[in-house]
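Text of coords.txt (compact mmCIF, C-alpha atoms) as supplied:
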```
# COMPACT_ATOMS: atom_id res chain seq x y z
CA MET A 1 -0.06 -5.15 -6.55
CA ASN A 2 -1.81 -6.03 -9.77
CA ILE A 3 -4.59 -3.54 -9.30
CA HIS A 4 -6.01 -3.48 -12.82
CA LEU A 5 -5.54 -7.19 -13.33
CA CYS A 6 -7.60 -7.84 -10.23
CA LYS A 7 -10.57 -5.93 -11.53
CA GLN A 8 -10.29 -7.70 -14.88
CA ASN A 9 -10.08 -11.11 -13.21
CA LYS A 10 -13.22 -10.43 -11.27
CA LYS A 11 -15.12 -9.62 -14.46
CA ILE A 12 -13.91 -12.78 -16.13
CA ILE A 13 -14.97 -14.89 -13.15
CA TYR A 14 -18.42 -13.27 -13.17
CA SER A 15 -18.86 -13.93 -16.87
CA LEU A 16 -17.76 -17.55 -16.54
CA ILE A 17 -20.26 -18.14 -13.75
CA LEU A 18 -23.02 -16.54 -15.85
CA PHE A 19 -22.00 -18.62 -18.82
CA TYR A 20 -22.25 -21.91 -16.93
CA ILE A 21 -25.57 -20.96 -15.35
CA PHE A 22 -27.12 -20.21 -18.74
CA TYR A 23 -25.51 -23.24 -20.33
CA PHE A 24 -26.85 -25.75 -17.83
CA LEU A 25 -30.21 -24.01 -17.77
CA HIS A 26 -30.43 -24.46 -21.48
CA LEU A 27 -29.36 -28.11 -21.35
CA SER A 28 -32.07 -28.91 -18.85
CA ILE A 29 -34.77 -27.25 -21.01
CA ASN A 30 -33.82 -28.23 -24.51
CA LYS A 31 -31.89 -31.46 -24.86
CA ASN A 32 -32.16 -31.74 -28.66
CA SER A 33 -30.46 -28.56 -29.89
CA SER A 34 -26.86 -28.31 -30.95
CA LYS A 35 -24.77 -27.92 -27.81
CA LEU A 36 -21.85 -26.39 -29.64
CA PHE A 37 -23.92 -23.72 -31.35
CA PHE A 38 -25.57 -22.75 -28.12
CA MET A 39 -22.27 -22.61 -26.26
CA LYS A 40 -20.91 -20.22 -28.86
CA LYS A 41 -23.92 -17.95 -28.57
CA MET A 42 -23.80 -17.89 -24.79
CA LEU A 43 -20.09 -17.24 -24.77
CA LEU A 44 -20.62 -14.18 -26.96
CA ALA A 45 -23.45 -13.00 -24.72
CA ALA A 46 -21.33 -13.44 -21.61
CA LEU A 47 -18.48 -11.53 -23.17
CA ALA A 48 -20.82 -8.70 -24.14
CA LEU A 49 -22.12 -8.58 -20.57
CA THR A 50 -18.59 -8.38 -19.24
CA GLY A 51 -17.98 -5.38 -21.44
CA THR A 52 -21.08 -3.52 -20.31
CA GLY A 53 -20.12 -3.78 -16.67
CA VAL A 54 -21.39 -6.61 -14.53
CA ALA A 55 -18.73 -5.49 -12.05
CA ALA A 56 -19.07 -1.74 -12.69
CA GLU A 57 -19.79 -0.93 -9.04
CA ALA A 58 -17.31 -3.26 -7.41
CA ASN A 59 -13.69 -2.90 -6.49
CA MET A 60 -11.12 -4.60 -4.35
CA LEU A 61 -8.59 -3.69 -1.68
CA THR A 62 -5.10 -5.15 -1.48
CA VAL A 63 -3.53 -4.89 1.97
CA ASN A 64 0.13 -5.29 2.81
CA ASN A 65 0.58 -5.49 6.58
CA LEU A 66 4.29 -5.12 7.33
CA THR A 67 3.79 -5.23 11.13
CA PRO A 68 3.67 -8.45 13.17
CA CYS A 69 0.19 -7.53 14.47
CA THR A 70 -3.25 -8.86 13.62
CA TYR A 71 -5.89 -6.12 13.48
CA THR A 72 -9.65 -6.18 13.57
CA ILE A 73 -11.25 -4.00 10.91
CA SER A 74 -14.41 -2.24 9.86
CA LEU A 75 -14.47 -1.94 6.09
CA SER A 76 -16.74 0.45 4.19
CA GLY A 77 -18.45 -1.25 1.27
CA GLY A 78 -16.92 -4.66 1.76
CA SER A 79 -16.72 -7.70 3.97
CA GLY A 80 -13.80 -8.61 6.20
CA THR A 81 -13.05 -8.89 9.89
CA VAL A 82 -9.30 -9.20 10.41
CA ILE A 83 -5.99 -8.24 8.79
CA PRO A 84 -3.18 -10.69 9.56
CA PRO A 85 0.50 -9.92 8.92
CA GLY A 86 1.37 -10.16 5.22
CA THR A 87 -0.71 -9.62 2.11
CA SER A 88 -4.47 -10.01 2.04
CA THR A 89 -7.29 -9.08 -0.35
CA PHE A 90 -10.82 -7.85 0.30
CA TYR A 91 -13.68 -7.57 -2.21
CA SER A 92 -16.48 -5.04 -2.11
CA PHE A 93 -20.13 -5.96 -1.98
CA GLY A 94 -21.84 -6.17 -5.39
CA THR A 95 -23.18 -2.64 -5.80
CA VAL A 96 -20.87 -0.46 -3.70
CA ASN A 97 -17.16 0.28 -3.57
CA ILE A 98 -14.56 0.01 -0.83
CA THR A 99 -13.39 3.54 0.03
CA ALA A 100 -12.29 3.53 3.68
CA ILE A 101 -11.26 1.36 6.61
CA LYS A 102 -10.98 1.44 10.40
CA ILE A 103 -8.02 -0.58 11.68
CA MET A 104 -8.28 -1.55 15.34
CA TRP A 105 -5.98 -3.28 17.75
CA GLY A 106 -6.98 -4.73 21.12
CA GLY A 107 -10.71 -4.65 20.36
CA GLY A 108 -10.67 -0.95 19.52
CA VAL A 109 -8.22 0.28 22.19
CA THR A 110 -6.03 1.69 19.42
CA GLN A 111 -7.56 2.88 16.16
CA VAL A 112 -6.31 4.15 12.82
CA ASN A 113 -8.66 5.29 10.04
CA VAL A 114 -7.72 5.80 6.40
CA GLY A 115 -9.47 5.91 3.06
CA TYR A 116 -10.10 7.87 -0.10
CA GLY A 117 -9.63 11.52 0.90
CA SER A 118 -7.70 10.79 4.11
CA PRO A 119 -4.89 8.52 3.01
CA TYR A 120 -2.55 8.71 6.03
CA HIS A 121 -3.08 8.11 9.73
CA ASN A 122 -0.93 6.82 12.59
CA SER A 123 -1.60 5.79 16.18
CA ILE A 124 0.82 8.22 17.91
CA GLY A 125 -0.57 9.16 21.33
CA GLN A 126 -2.72 6.02 21.60
CA PRO A 127 -1.84 2.88 23.58
CA THR A 128 0.96 0.89 21.90
CA PRO A 129 -0.09 -2.60 20.72
CA THR A 130 1.88 -5.28 22.61
CA CYS A 131 3.00 -6.75 19.29
CA LEU A 132 5.05 -3.60 18.62
CA ALA A 133 8.19 -2.26 20.33
CA PRO A 134 7.51 -0.25 23.54
CA GLY A 135 6.46 3.30 22.73
CA GLY A 136 5.88 2.35 19.11
CA PHE A 137 2.94 3.09 16.86
CA TYR A 138 1.53 1.86 13.58
CA THR A 139 0.78 3.78 10.41
CA ALA A 140 -1.69 3.04 7.62
CA SER A 141 -1.41 4.56 4.16
CA TRP A 142 -4.07 4.35 1.46
CA ALA A 143 -3.78 4.72 -2.34
CA GLN A 144 -6.83 4.93 -4.61
CA ALA A 145 -7.11 6.88 -7.86
CA SER A 146 -10.92 7.33 -7.71
CA PRO A 147 -13.74 6.08 -5.44
CA SER A 148 -14.53 3.25 -7.87
CA ALA A 149 -10.91 2.25 -8.58
CA ASP A 150 -9.21 -0.64 -6.83
CA ALA A 151 -7.47 0.45 -3.64
CA SER A 152 -4.25 -0.57 -1.94
CA MET A 153 -3.10 -0.03 1.61
CA VAL A 154 0.09 -0.58 3.57
CA ILE A 155 0.30 -0.90 7.37
CA PHE A 156 3.78 -0.36 8.77
CA MET B 157 45.67 8.91 30.90
CA LYS B 158 42.64 7.14 32.36
CA LYS B 159 40.76 10.43 32.71
CA LEU B 160 41.57 11.37 29.15
CA LEU B 161 40.32 8.03 27.88
CA LEU B 162 37.07 8.39 29.84
CA GLY B 163 36.69 11.92 28.53
CA ALA B 164 37.17 10.72 24.99
CA PHE B 165 34.55 7.99 25.48
CA ALA B 166 32.10 10.51 26.87
CA LEU B 167 32.62 12.75 23.87
CA ILE B 168 32.08 9.88 21.45
CA ALA B 169 28.91 8.91 23.27
CA THR B 170 27.34 12.38 23.09
CA ALA B 171 28.49 13.28 19.60
CA GLY B 172 27.96 9.88 18.05
CA ILE B 173 24.48 9.09 19.29
CA ALA B 174 22.72 12.38 20.04
CA ASN B 175 22.15 13.42 16.44
CA ALA B 176 21.91 10.21 14.48
CA ASN B 177 18.95 8.17 13.38
CA THR B 178 18.09 5.42 10.91
CA LEU B 179 15.74 5.34 7.95
CA THR B 180 14.26 2.03 6.81
CA VAL B 181 12.89 2.08 3.27
CA THR B 182 10.56 -0.62 1.96
CA ASN B 183 9.96 -0.45 -1.78
CA LEU B 184 6.98 -2.65 -2.67
CA THR B 185 6.88 -1.57 -6.33
CA GLY B 186 8.83 -3.11 -9.18
CA CYS B 187 10.63 0.17 -9.94
CA PRO B 188 14.10 1.49 -9.15
CA TYR B 189 14.22 4.96 -7.58
CA THR B 190 16.77 7.61 -6.79
CA LEU B 191 16.35 8.90 -3.25
CA SER B 192 17.53 12.25 -1.96
CA ILE B 193 17.55 11.82 1.81
CA SER B 194 17.96 14.73 4.22
CA GLY B 195 20.88 14.14 6.57
CA TYR B 196 22.24 11.38 4.37
CA GLY B 197 22.58 12.19 0.67
CA TYR B 198 21.67 10.32 -2.49
CA ALA B 199 20.91 6.63 -2.87
CA THR B 200 19.61 4.34 -5.61
CA ILE B 201 17.23 1.58 -4.59
CA GLY B 202 15.40 -1.33 -6.20
CA THR B 203 12.55 -3.48 -4.90
CA GLY B 204 12.98 -4.55 -1.28
CA THR B 205 14.17 -3.20 2.05
CA TYR B 206 17.07 -0.79 2.63
CA THR B 207 18.55 0.89 5.71
CA PHE B 208 20.29 4.27 5.85
CA ASN B 209 22.11 5.75 8.85
CA SER B 210 22.26 9.52 9.03
CA THR B 211 25.67 11.12 8.67
CA GLY B 212 27.34 14.34 9.79
CA GLY B 213 25.65 14.64 13.16
CA VAL B 214 22.18 15.43 11.80
CA ASN B 215 18.95 13.47 11.60
CA ILE B 216 17.04 12.10 8.65
CA ASP B 217 13.58 13.67 8.56
CA ALA B 218 12.58 13.85 4.87
CA ALA B 219 13.24 12.31 1.48
CA LYS B 220 12.57 12.92 -2.17
CA VAL B 221 11.67 9.84 -4.23
CA VAL B 222 12.48 10.19 -7.93
CA TYR B 223 11.83 7.84 -10.82
CA VAL B 224 14.06 8.71 -13.78
CA PHE B 225 12.83 7.78 -17.27
CA ALA B 226 15.23 6.59 -19.97
CA SER B 227 14.74 9.99 -21.64
CA GLY B 228 16.10 11.73 -18.55
CA THR B 229 12.79 13.28 -17.44
CA ASN B 230 11.46 12.25 -14.07
CA THR B 231 8.46 11.68 -11.82
CA ALA B 232 9.06 12.69 -8.22
CA LEU B 233 7.49 13.27 -4.83
CA GLY B 234 8.60 14.41 -1.42
CA VAL B 235 7.69 13.01 2.00
CA GLY B 236 8.93 13.60 5.54
CA ILE B 237 7.98 14.19 9.13
CA GLY B 238 5.58 17.04 8.37
CA THR B 239 4.40 15.70 5.01
CA PRO B 240 3.97 12.00 5.60
CA TYR B 241 1.95 11.13 2.48
CA SER B 242 2.41 11.93 -1.17
CA ASN B 243 1.64 10.32 -4.51
CA THR B 244 2.51 11.02 -8.13
CA ALA B 245 -1.06 11.09 -9.50
CA GLY B 246 -1.12 13.39 -12.52
CA GLN B 247 2.55 12.87 -13.33
CA PRO B 248 3.93 10.55 -16.04
CA THR B 249 3.59 6.87 -15.07
CA PRO B 250 6.79 4.81 -14.71
CA PRO B 251 6.50 1.77 -17.02
CA CYS B 252 7.41 -0.61 -14.18
CA LEU B 253 4.26 0.20 -12.18
CA THR B 254 1.04 -1.84 -12.15
CA ALA B 255 -0.98 1.31 -11.28
CA ALA B 256 -1.17 4.84 -12.69
CA TYR B 257 1.00 6.31 -9.93
CA PHE B 258 3.16 5.45 -6.94
CA THR B 259 2.66 6.49 -3.33
CA ALA B 260 5.22 7.13 -0.60
CA SER B 261 4.36 7.20 3.09
CA TRP B 262 6.59 8.35 5.97
CA SER B 263 6.40 7.35 9.62
CA GLN B 264 8.48 8.98 12.38
CA GLY B 265 7.62 9.64 16.04
CA SER B 266 9.82 12.75 16.39
CA PRO B 267 12.55 14.49 14.34
CA THR B 268 15.22 12.52 16.20
CA ALA B 269 13.45 9.15 16.16
CA ASN B 270 14.15 6.47 13.60
CA ALA B 271 12.02 6.83 10.47
CA SER B 272 10.44 4.41 8.05
CA LEU B 273 9.33 4.95 4.47
CA VAL B 274 7.16 2.71 2.33
CA ILE B 275 6.80 3.10 -1.43
CA PHE B 276 3.87 1.24 -2.99
CA ASN B 277 1.62 1.15 -6.06
```

Rewrite the coordinates I just gave you, this time as structure tokens.
Amino acid sequence: MNIHLCKQNKKIIYSLILFYIFYFLHLSINKNSSKLFFMKKMLLAALALTGTGVAAEANMLTVNNLTPCTYTISLSGGSGTVIPPGTSTFYSFGTVNITAIKIMWGGGVTQVNVGYGSPYHNSIGQPTPTCLAPGGFYTASWAQASPSADASMVIF
Amino acid sequence: MKKLLLGAFALIATAGIANANTLTVTNLTGCPYTLSISGYGYATIGTGTYTFNSTGGVNIDAAKVVYVFASGTNTALGVGIGTPYSNTAGQPTPPCLTAAYFTASWSQGSPTANASLVIFN
């Protein structure tokens, strides 16, 4: 899970979007100036912005679901509704961070909650999802170095 | 003769199955680890999935996950049925990781049930 790369990628994408917005804005206002010179200036400005933290309050969550189940979720600080089997990625909203998740099966019949501060939880004692072996349960485990760092989670 | 054979089968059934479980390890990181598994012994693993059957009539219920640096020092953690989550935050970072530490998580319904262990970044 390329945790640090992810955060870096997000910043680069933000700066590229900013760059194009400013560039086309400028083209529409002043058609006579040197395009190349302006592009250079804007590129520098965008890079500076990236450094100061356009994405300072934004992280991402990488999920690896090793079970054959699809879960419905409630995600703190980010958008997302389901976790299918396999690897999936969720991004936080612009000004908050993802720090915790509720993982539900069967519309909330069985629930597991993990996050920063409570990194392990299993569904022992709750109804077994039909996608698991009879009497089975699922476990979610969360890893996050700080509340603003990118998080990763495994369901197994 | 028949009775003896049946008796032998019965003995095999109780001794062979009663105290024996299986541990499934899934290593999602790019690192190799040395595992010390209770009820099994030592094992070296790479990335991927591994299965260990307990030996000697006991059950597997805990493991120590160790990353050994080239210098011989190590970064380690322990997980098991009563301690199902542990990470190596604060310890030296293995160079093969994409994060500052690795995490190991243990799942087991009872001390005699089969166990699973996931190691991730």

Legend entry - Using all atoms listed in the file: which of B:Thr268, B:Asn230, B:Ser263, B:Asn215 has the shortest distance to B:Gly195: B:Asn215

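Note that atom CA of B:Pro240 and atom CA of B:Phe208 are 18.1 Å apart.
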
Inset, instruction - Quote the spacing between atom CA of B:Thr203 and atom CA of B:Val181 in Å to one decimal place. - result: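 Pair atom CA of B:Thr203 / atom CA of B:Val181 returns 9.9 Å.
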
Chain B residues near chain A within 8 Å, closest pair each, using all atoms listed in the file, as JSON lines:
```
{"residue": "B:Thr185", "atom": "CA", "partner": "A:Met1", "partner_atom": "CA", "distance": 7.8}
{"residue": "B:Pro240", "atom": "CA", "partner": "A:Tyr120", "partner_atom": "CA", "distance": 7.3}
{"residue": "B:Tyr241", "atom": "CA", "partner": "A:Tyr120", "partner_atom": "CA", "distance": 6.2}
{"residue": "B:Ala245", "atom": "CA", "partner": "A:Ala145", "partner_atom": "CA", "distance": 7.6}
{"residue": "B:Thr254", "atom": "CA", "partner": "A:Asn2", "partner_atom": "CA", "distance": 5.6}
{"residue": "B:Ala255", "atom": "CA", "partner": "A:Ile3", "partner_atom": "CA", "distance": 6.4}
{"residue": "B:Ala256", "atom": "CA", "partner": "A:Ala145", "partner_atom": "CA", "distance": 7.9}
{"residue": "B:Thr259", "atom": "CA", "partner": "A:Ala143", "partner_atom": "CA", "distance": 6.8}
{"residue": "B:Ser261", "atom": "CA", "partner": "A:Ser141", "partner_atom": "CA", "distance": 6.4}
{"residue": "B:Ser263", "atom": "CA", "partner": "A:Thr139", "partner_atom": "CA", "distance": 6.7}
{"residue": "B:Gly265", "atom": "CA", "partner": "A:Ile124", "partner_atom": "CA", "distance": 7.2}
{"residue": "B:Val274", "atom": "CA", "partner": "A:Phe156", "partner_atom": "CA", "distance": 7.9}
{"residue": "B:Phe276", "atom": "CA", "partner": "A:Val154", "partner_atom": "CA", "distance": 7.8}
{"residue": "B:Asn277", "atom": "CA", "partner": "A:Met1", "partner_atom": "CA", "distance": 6.5}
```

Legend entry - Length of the atom CA of B:Ser194 to atom CA of B:Tyr223 vector [Å]: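 Pair atom CA of B:Ser194 / atom CA of B:Tyr223 returns 17.6 Å.
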
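If you count all atoms listed in the file and ignore residues fewer than 5 places along the chain from B:Ile275, what sits within 6 Å of it is Asn183, Leu184, Thr259 and Ala260 of chain B.
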
Inset, instruction - Choose the residue, out of B:Ala232, B:Ala226, B:Ala218, B:Ile201, that has the smallest atom-to-atom separation from B:Asn270; count all atoms listed in the file. - result: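 The shortest atom-to-atom distance to B:Asn270 comes from B:Ala218.
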
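Residue nearest B:Gly212 within the list B:Pro250, B:Phe225, B:Gly197, B:Val235: B:Gly197 [criterion: smallest interatomic distance, only C-alpha atoms].
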
Return as lines of an AutoDock Vina configuration file the centre and edge lengths, in Å with one decimal, of the box along x, y and z that encloses every atom of stretch 203-220 of chain B in the file, padded by 4 Å per side.
```
center_x = 19.9
center_y = 5.4
center_z = 4.1
size_x = 22.8
size_y = 28.0
size_z = 26.1
```

Inset, instruction - Between B:Leu273, B:Leu233, B:Val221, B:Ala176, single out the one closest to B:Gly204, counting only C-alpha atoms. - result: B:Leu273

Inset, instruction - For the point (0.5, -6.3, 17.9) in the file's frame, write as a list in words all residues with an atom no more than 9 Å away, counting only C-alpha atoms. - result: Thr67, Pro68, Cys69, Thr70, Tyr71, Trp105, Gly106, Thr128, Pro129, Thr130, Cys131 and Leu132 of chain A

Those selected residues, please, written with C-alpha atoms and delivered as an mmCIF file, keeping the file's coordinate frame.
```
data_model
loop_
_atom_site.group_PDB
_atom_site.id
_atom_site.type_symbol
_atom_site.label_atom_id
_atom_site.label_comp_id
_atom_site.auth_asym_id
_atom_site.auth_seq_id
_atom_site.Cartn_x
_atom_site.Cartn_y
_atom_site.Cartn_z
ATOM 1 C CA THR A 67 3.790 -5.230 11.130
ATOM 2 C CA PRO A 68 3.670 -8.450 13.170
ATOM 3 C CA CYS A 69 0.190 -7.530 14.470
ATOM 4 C CA THR A 70 -3.250 -8.860 13.620
ATOM 5 C CA TYR A 71 -5.890 -6.120 13.480
ATOM 6 C CA TRP A 105 -5.980 -3.280 17.750
ATOM 7 C CA GLY A 106 -6.980 -4.730 21.120
ATOM 8 C CA THR A 128 0.960 0.890 21.900
ATOM 9 C CA PRO A 129 -0.090 -2.600 20.720
ATOM 10 C CA THR A 130 1.880 -5.280 22.610
ATOM 11 C CA CYS A 131 3.000 -6.750 19.290
ATOM 12 C CA LEU A 132 5.050 -3.600 18.620
#
```
